[in-house]
$ cat run22.cif   # mmCIF, C-alpha atoms
data_my_file
#
loop_
_atom_site.label_atom_id
_atom_site.label_comp_id
_atom_site.auth_asym_id
_atom_site.auth_seq_id
_atom_site.Cartn_x
_atom_site.Cartn_y
_atom_site.Cartn_z
CA MET A 1 0.00 0.00 0.00
CA PHE A 2 2.89 2.35 0.72
CA SER A 3 5.08 1.48 -2.28
CA THR A 4 6.88 4.48 -3.77
CA ALA A 5 8.21 2.81 -6.90
CA ALA A 6 7.25 4.15 -10.29
CA THR A 7 5.20 1.84 -12.46
CA GLY A 8 7.12 0.60 -15.46
CA ALA A 9 9.08 3.17 -17.41
CA ARG A 10 6.30 5.72 -17.58
CA ARG A 11 7.38 9.27 -16.77
CA PRO A 12 4.69 11.15 -14.80
CA MET A 13 6.00 14.59 -15.79
CA THR A 14 8.04 16.13 -18.58
CA VAL A 15 9.95 19.40 -18.26
CA GLU A 16 11.56 20.76 -21.40
CA ALA A 17 13.16 24.04 -22.41
CA GLU A 18 15.00 25.71 -25.27
CA LEU A 19 17.62 28.45 -25.01
CA ASP A 20 16.37 31.45 -26.96
CA ARG A 21 18.56 32.93 -29.65
CA PRO A 22 19.13 35.80 -30.02
CA LEU A 23 19.01 36.78 -26.34
CA SER A 24 19.21 40.39 -25.21
CA ARG A 25 22.33 41.30 -23.26
CA TRP A 26 20.58 43.82 -20.99
CA LEU A 27 16.84 43.12 -20.85
CA TRP A 28 17.37 41.01 -17.72
CA LEU A 29 17.99 44.23 -15.75
CA VAL A 30 14.30 45.17 -16.00
CA LYS A 31 12.60 41.79 -16.23
CA TRP A 32 11.66 41.87 -12.54
CA LEU A 33 9.75 45.11 -13.24
CA LEU A 34 8.03 43.71 -16.33
CA LEU A 35 6.90 40.67 -14.34
CA ILE A 36 5.08 42.53 -11.56
CA PRO A 37 1.66 41.64 -13.06
CA HIS A 38 2.69 37.97 -13.11
CA PHE A 39 3.86 38.09 -9.49
CA VAL A 40 0.51 39.51 -8.40
CA VAL A 41 -1.45 36.85 -10.27
CA LEU A 42 0.85 34.04 -9.14
CA PHE A 43 0.45 35.02 -5.50
CA PHE A 44 -3.28 34.30 -5.71
CA LEU A 45 -2.74 31.25 -7.91
CA TRP A 46 -0.45 29.69 -5.32
CA VAL A 47 -2.93 30.38 -2.54
CA ALA A 48 -5.48 28.55 -4.69
CA PHE A 49 -2.90 25.81 -5.40
CA PHE A 50 -2.56 25.14 -1.68
CA VAL A 51 -6.34 25.05 -1.16
CA VAL A 52 -6.80 22.73 -4.14
CA THR A 53 -4.06 20.42 -2.80
CA VAL A 54 -5.84 20.17 0.56
CA ILE A 55 -9.11 19.32 -1.18
CA ALA A 56 -7.31 16.77 -3.36
CA PHE A 57 -5.80 15.20 -0.23
CA PHE A 58 -9.23 14.27 1.08
CA ALA A 59 -10.46 13.24 -2.36
CA ILE A 60 -7.54 10.81 -2.73
CA LEU A 61 -7.94 9.58 0.84
CA PHE A 62 -11.57 8.61 0.27
CA THR A 63 -11.72 7.83 -3.46
CA ALA A 64 -8.09 7.08 -4.46
CA ARG A 65 -8.45 9.62 -7.27
CA TYR A 66 -7.25 13.15 -7.88
CA PRO A 67 -10.25 15.01 -9.39
CA ARG A 68 -9.34 15.92 -12.95
CA PRO A 69 -10.42 19.61 -12.85
CA LEU A 70 -8.34 20.17 -9.70
CA PHE A 71 -5.40 18.32 -11.24
CA ASP A 72 -5.55 20.40 -14.40
CA PHE A 73 -5.65 23.63 -12.39
CA ASN A 74 -2.58 22.75 -10.33
CA THR A 75 -0.77 21.61 -13.47
CA GLY A 76 -1.53 25.01 -14.97
CA VAL A 77 -0.11 26.84 -11.96
CA LEU A 78 3.12 24.86 -12.28
CA ARG A 79 3.29 25.59 -16.01
CA TRP A 80 2.79 29.31 -15.37
CA SER A 81 5.44 29.36 -12.64
CA TRP A 82 7.96 27.47 -14.77
CA ARG A 83 7.53 29.90 -17.65
CA VAL A 84 8.00 32.91 -15.36
CA ALA A 85 11.06 31.33 -13.75
CA PHE A 86 12.59 30.55 -17.13
CA TYR A 87 12.07 34.15 -18.26
CA SER A 88 13.45 35.67 -15.06
CA THR A 89 15.78 34.76 -12.20
CA GLY A 90 15.40 31.01 -12.68
CA ALA A 91 17.34 31.02 -15.95
CA PHE A 92 17.10 34.32 -17.90
CA ALA A 93 17.03 32.01 -20.91
CA THR A 94 14.36 33.71 -23.00
CA ASP A 95 13.21 37.22 -23.83
CA ARG A 96 9.74 36.06 -24.82
CA TYR A 97 7.30 37.45 -22.28
CA PRO A 98 5.45 34.61 -20.53
CA PRO A 99 1.78 34.29 -21.43
CA PHE A 100 -0.95 34.74 -18.83
CA SER A 101 -2.13 31.19 -19.25
CA LEU A 102 -2.71 28.02 -17.25
CA GLY A 103 -2.87 25.91 -20.39
CA PRO A 104 -0.08 24.38 -22.45
CA GLU A 105 1.82 26.77 -24.70
CA PRO A 106 3.67 24.54 -27.19
CA ASP A 107 5.45 27.48 -28.83
CA TYR A 108 6.89 28.87 -25.60
CA PRO A 109 10.50 27.77 -24.91
CA ALA A 110 9.68 26.46 -21.40
CA ARG A 111 7.11 23.65 -21.28
CA LEU A 112 5.69 21.32 -18.64
CA GLU A 113 3.25 18.43 -18.86
CA ILE A 114 1.97 16.10 -16.11
CA ASP A 115 0.06 12.89 -16.76
CA HIS A 116 -3.10 12.46 -14.73
CA PRO A 117 -2.38 9.39 -12.58
CA GLY A 118 -5.80 7.77 -12.53
CA ARG A 119 -5.77 5.90 -9.23
CA LEU A 120 -3.47 6.92 -6.38
CA SER A 121 -2.55 5.20 -3.14
CA ARG A 122 -4.82 6.19 -0.28
CA GLY A 123 -2.23 5.14 2.27
CA LEU A 124 0.68 6.88 0.60
CA VAL A 125 -1.14 10.22 0.56
CA LEU A 126 -0.80 10.34 4.36
CA VAL A 127 2.98 10.29 4.40
CA LYS A 128 4.51 11.17 1.04
CA TRP A 129 4.13 14.95 1.24
CA TRP A 130 6.05 15.23 4.52
CA LEU A 131 7.84 12.10 5.74
CA LEU A 132 8.94 10.47 2.49
CA ALA A 133 9.87 13.74 0.81
CA ILE A 134 12.13 15.05 3.62
CA PRO A 135 15.41 14.05 1.87
CA HIS A 136 14.28 15.88 -1.26
CA TYR A 137 13.22 18.95 0.74
CA ILE A 138 16.78 19.29 1.98
CA VAL A 139 18.10 19.27 -1.59
CA VAL A 140 15.39 21.65 -2.82
CA ALA A 141 16.08 24.08 0.03
CA PHE A 142 19.70 24.28 -1.15
CA LEU A 143 18.69 24.76 -4.78
CA THR A 144 15.98 27.36 -4.24
CA GLY A 145 16.83 29.06 -0.95
CA GLY A 146 16.58 27.79 2.62
CA GLY A 147 13.09 29.09 3.28
CA ASN A 148 11.33 27.12 0.57
CA GLY A 149 11.95 23.52 1.47
CA GLY A 150 8.61 23.12 3.16
CA GLY A 151 6.21 20.24 3.02
CA ASP A 152 2.91 21.95 2.34
CA GLY A 153 2.78 20.90 -1.30
CA GLY A 154 2.19 24.46 -2.43
CA GLY A 155 4.64 26.97 -1.00
CA MET A 156 7.87 25.36 -2.15
CA GLU A 157 7.52 26.01 -5.83
CA GLY A 158 5.43 29.12 -5.48
CA GLN A 159 8.42 31.21 -4.47
CA TRP A 160 11.21 29.25 -6.13
CA PHE A 161 11.61 31.62 -9.06
CA TRP A 162 12.62 34.59 -6.87
CA SER A 163 14.50 32.80 -4.06
CA ALA A 164 18.23 33.22 -3.56
CA GLY A 165 19.42 29.63 -3.87
CA LEU A 166 21.90 27.86 -6.11
CA ILE A 167 19.56 28.13 -9.10
CA MET A 168 19.38 31.91 -8.89
CA VAL A 169 23.15 32.23 -8.41
CA LEU A 170 23.86 30.10 -11.49
CA ALA A 171 21.27 32.00 -13.52
CA PHE A 172 23.00 35.28 -12.69
CA PHE A 173 26.37 33.82 -13.67
CA ALA A 174 24.87 32.81 -17.00
CA ILE A 175 23.28 36.18 -17.76
CA ILE A 176 26.41 38.10 -16.69
CA ALA A 177 28.40 35.97 -19.14
CA LYS A 178 25.83 36.85 -21.80
CA ALA A 179 26.00 40.55 -20.96
CA PHE A 180 29.77 40.87 -21.13
CA ALA A 181 30.81 38.07 -23.50
CA ASP A 182 27.59 37.83 -25.53
CA THR A 183 27.53 34.09 -24.84
CA TYR A 184 25.11 32.17 -22.65
CA PRO A 185 27.15 29.13 -21.48
CA ARG A 186 25.42 26.02 -22.80
CA GLY A 187 26.66 23.91 -19.92
CA LEU A 188 25.08 26.29 -17.42
CA PHE A 189 21.80 26.22 -19.32
CA ASP A 190 21.70 22.41 -19.27
CA LEU A 191 22.52 22.40 -15.55
CA LEU A 192 19.85 24.98 -14.73
CA VAL A 193 17.14 23.07 -16.56
CA GLY A 194 18.21 19.90 -14.75
CA LEU A 195 17.99 21.62 -11.36
CA HIS A 196 14.54 23.01 -12.16
CA ARG A 197 13.48 19.55 -13.31
CA TRP A 198 14.50 18.18 -9.89
CA VAL A 199 12.56 20.89 -8.03
CA LEU A 200 9.47 20.42 -10.17
CA ARG A 201 9.49 16.65 -9.71
CA VAL A 202 9.58 17.09 -5.96
CA THR A 203 6.82 19.70 -6.09
CA VAL A 204 4.55 17.42 -8.13
CA TYR A 205 5.15 14.58 -5.65
CA ALA A 206 4.60 16.78 -2.60
CA ALA A 207 1.42 18.18 -4.17
CA LEU A 208 0.05 14.62 -4.31
CA MET A 209 -0.10 14.60 -8.12
CA THR A 210 1.84 11.34 -8.49
CA ASP A 211 2.90 8.32 -6.45
CA ALA A 212 6.17 7.98 -8.40
CA TYR A 213 8.95 8.91 -5.99
CA PRO A 214 11.25 11.58 -7.49
CA PRO A 215 14.62 10.09 -8.48
CA PHE A 216 17.81 11.36 -6.87
CA ARG A 217 19.15 12.06 -10.32
CA LEU A 218 20.16 15.22 -12.14
CA ASP A 219 18.78 14.97 -15.67
CA GLN A 220 20.43 17.89 -17.41
CA GLY A 221 19.57 19.43 -20.75
CA GLY A 222 16.56 20.93 -22.40
CA ARG A 223 15.08 17.55 -23.36
CA GLU A 224 13.88 14.87 -21.00
CA PRO A 225 16.09 11.77 -21.12
CA GLU A 226 14.65 8.69 -22.73
CA PRO A 227 12.96 6.48 -20.11
CA ALA A 228 14.77 3.31 -19.17
CA PRO A 229 13.21 0.14 -20.58
#

$ encode --input "run22.cif" --output "structure tokens"
Amino acid sequence: MFSTAATGARRPMTVEAELDRPLSRWLWLVKWLLLIPHFVVLFFLWVAFFVVTVIAFFAILFTARYPRPLFDFNTGVLRWSWRVAFYSTGAFATDRYPPFSLGPEPDYPARLEIDHPGRLSRGLVLVKWWLLAIPHYIVVAFLTGGGNGGGDGGGMEGQWFWSAGLIMVLAFFAIIAKAFADTYPRGLFDLLVGLHRWVLRVTVYAALMTDAYPPFRLDQGGREPEPAP
């Protein structure tokens, strides 16, 4: 009942990104100002994300299912947050302004998809978001900033794109290199996407959206690795 193993080779979530070219050397200086409308909207979206996660907790506990409308909403909040992070202090890897959208945006360079799990473990929902995820919270706190490694299923990722952790430091190194050398280091881009992929996997698990335990593995690069047979 409490198994945390993924079923088969199926990947519950895909996170992909493309480095924009050309990329402005100085737009990053004002992106925080341009994103103020997004920050306002995301504040309320993440409050709703937390409420939806609590409702989903009881739905899973009694029915073993995550209601599809609630699942789609929380997926949309994660998509929106990933796009804003990719545009701003999470990567500075695009100059394309993020859309105000919960839905998929196939043409945007930062994309996220989560498969609806169907049935979920009713026993696992009691412990995965706090006890089982503690080792990952420690890693995520280092990546995103010490204050965000919580276990509420909603707050961790809601502030990750403006927190001063390793991800933000590396993103600033990358954009400084772009500003002064006109080159965004490809290795840094691949590393940043891999770190975001780790954080997002943990967030999806903590938000009860999958029973597949996040791997302790850094999958770098803009494309998801091929699943193991």

$ residues_around --input "run22.cif" --residues "region 92-101 of chain A" --least-positions-apart "5" --cutoff "8 Å" --atoms "all atoms listed in the file" --output "ChimeraX atom specification"
/A:18-21,23-24,27-28,38,76,80,83-87,108-109,171-172,174-175,189

$ resolve_selection --input "run22.cif" --expression "the PyMOL selection byres ((chain A and resi 52) around 10)" --output "MDAnalysis selection string"
chainID A and resid 46:51 53:57 67 69:71 73:74 154 207

$ closest_residue --input "run22.cif" --among "A:Phe216, A:Trp82, A:Phe173, A:Phe180" --to "Tyr137 (chain A)" --atoms "only C-alpha atoms"
A:Phe216

$ atom_distance --input "run22.cif" --atom1 "CA of Ala110 (chain A)" --atom2 "CA of Ile167 (chain A)"
15.9 Å

$ atom_distance --input "run22.cif" --atom1 "CA of Pro22 (chain A)" --atom2 "CA of Ala179 (chain A)"
12.3 Å
